[in-house]
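What follows is a single structure, written as structure tokens, with notes after it.
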Number of protein chains: 2
Amino acid sequence: MTKYQNQTRLLAAVDCIIFGFDGQTIKLLLIQRSFDPEKGKWSLMGGFVQPNECPDTAAIRILKSLTGLESVYLEQLRTFGDPLRDLVERTISIAYFALIDIHQYEKQISDEYHAEWFPLDSVPNLIFDHKEMVKLAKEKLRYKAALHPLLFELLPKRFTLPQLQSLYESVYETPFDKRNFSRKVLSTKLLVKLTDKDKGSSRKGAFYYKLNAKNYKADFQAFLNIIPNAHLL
Amino acid sequence: MTKYQNQTRLLAAVDCIIFGFDGQTIKLLLIQRSFDPEKGKWSLMGGFVQPNECPDTAAIRILKSLTGLESVYLEQLRTFGDPLRDLVERTISIAYFALIDIHQYEKQISDEYHAEWFPLDSVPNLIFDHKEMVKLAKEKLRYKAALHPLLFELLPKRFTLPQLQSLYESVYETPFDKRNFSRKVLSTKLLVKLTDKDKGSSRKGAFYYKLNAKNYKADFQAFLNIIPNAHLL
């Protein structure tokens, strides 16, 4: 007889909150659930943790099965374990949030699921406690992005300062002063200016930048100073 | 037939990383495990999540059963789910870290467990992956305490600036300049100076302070500026 024997066994799932940026707005990737209960309703992408998997591996597998993408930014958010959160059987869910370049996703999308991108301000009703997961992920994204250069994960390899500013404005739902924003971003030394311009968005055009990979890696934990009044978040 | 039926069921546990401060050093509360496997070895305080409990409730129950304390600072840290982490049976563990005033604990300690406080730099060998949990909790404590007034949770109701400085020095394992430290801490407006002094530690004595509860509650998410070179953490 061990102390283990009388305990309850339960299911463990992983749910992924997947953020993408389309150049203007930050969006959330949702799927229509393909099995009962709640079949056909909008849901985060998820799945059960398998016998040979740790939760991180399960999240990577699940994200890849939907998007075709590997090596994207993926972080454990929080475990949700209300005894009644799943309608069928007790299931705890380890929630992860992922940041992906939406354009890479578009090239690799799987047809297995009906998936759609939703702007964060018009997310439909979600099954179970997925709305709460999204809310927490959004808060954590704002918090971390105020401190670390996290949002670059959402951009294509080459991007312009107006694109970067749109991304920050979309995440924080607030306009930034253009000159201050550029000055602060450039002072981080994270960006390398390229020689060619994006001429699609304005007559004058905007120079492309790329990440300085060395500084980015070294400074990922460095505190940023891009967000005005970050302490009010 | 549902998609649920063929899945693996597993055990879910909660483990608590409990930090306390004795006035000089930050310490970790450990117990000697009372059942097999690994009976008699040092372990974090933990237990299985019960059928009617969410993990938060389980953590509160487990913490209370060991320390007698309720309403202490408790935060979900991370879920550990390596398939082989528990020797007997697959168990995922939701780790929490708690900050308690060690003096309150001493008044309420339960005899049910053999528990001991260990300074962070001399933690014994721990069972399973508990060492990894402690490492992560220590990192998170440093990270959060550099940004938020978290460490006050470890102090008694009345404390002196030298005590507060010892606490920060113990957490960051680095000396702080006394004058700068006092100036920065007082500029947060989180403290209220009391009229009497602690005369035990020096001839001149040190004034007692207490938290300004209103500002503390309102500013808990406020960024502190107490730690020099916080970006190097």
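In the structure tokens, each chain is lettered A, B, ... as it comes, each chain's residues begin at 1, and ligands are numbered from 1 in order of appearance.
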Item to check | DSSP strand (DSSP E) residues within chain B, listed as an MDAnalysis selection string | outcome: chainID B and resid 11:21 26:32 42:43 45:48 73:80 91:101 115:119 159:160 191:198 206:211
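Minimum atom-to-atom distances from B:Asn212, B:Gln32, B:Gln7, B:Ser187 to Lys157 in chain B were compared using only C-alpha atoms, and the lowest value belongs to B:Asn212.
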Could you give me, as a CSV table (one decimal) with N, CA and C atoms, in the first residue's frame, the residues within 8 Å of Leu126 in chain B, counting only C-alpha atoms and dropping anything in the same chain fewer than 3 positions from it?
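Okay, selection.csv is ready:
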chain,number,residue,atom,x,y,z
B,41,LYS,N,14.0,11.4,3.0
B,41,LYS,CA,14.9,12.4,2.3
B,41,LYS,C,14.2,13.7,2.4
B,42,TRP,N,15.0,14.7,2.1
B,42,TRP,CA,14.5,16.1,2.1
B,42,TRP,C,13.7,16.4,0.9
B,43,SER,N,12.6,17.1,1.1
B,43,SER,CA,11.6,17.4,0.0
B,43,SER,C,10.9,18.7,0.2
B,44,LEU,N,10.4,19.2,-0.8
B,44,LEU,CA,9.4,20.3,-0.7
B,44,LEU,C,8.2,19.8,-0.1
B,129,ASP,N,12.6,16.2,-8.9
B,129,ASP,CA,13.1,17.4,-9.5
B,129,ASP,C,12.9,18.7,-8.6
B,130,HIS,N,12.9,18.4,-7.3
B,130,HIS,CA,12.6,19.6,-6.4
B,130,HIS,C,13.7,20.6,-6.4
B,131,LYS,N,15.0,20.2,-6.7
B,131,LYS,CA,16.1,21.1,-6.8
B,131,LYS,C,15.8,22.1,-8.0
Checklist entry - Between B:Asn215, B:Asn180, B:Asn125, B:Asn6, which has the minimum distance to Gln165 in chain B (counting only C-alpha atoms)? => result B:Asn180
Next on the checklist: Show me, as a list in words, the residues that have an atom within 10 Å of Tyr73 in chain A when counting only C-alpha atoms, minus same-chain residues fewer than 3 positions from it.
Outcome noted: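 Returned residues: Ile18, Ile60, Glu70, Phe97, Ala98, Leu99, Ile100, Asp101, Leu150, Leu151, Glu153 and Leu154 of chain A.
Closest approach to Leu69 in chain A from the set A:Pro51, A:Ile92, A:Glu106, A:Leu84 is made by A:Glu106, with distances taken over only C-alpha atoms.
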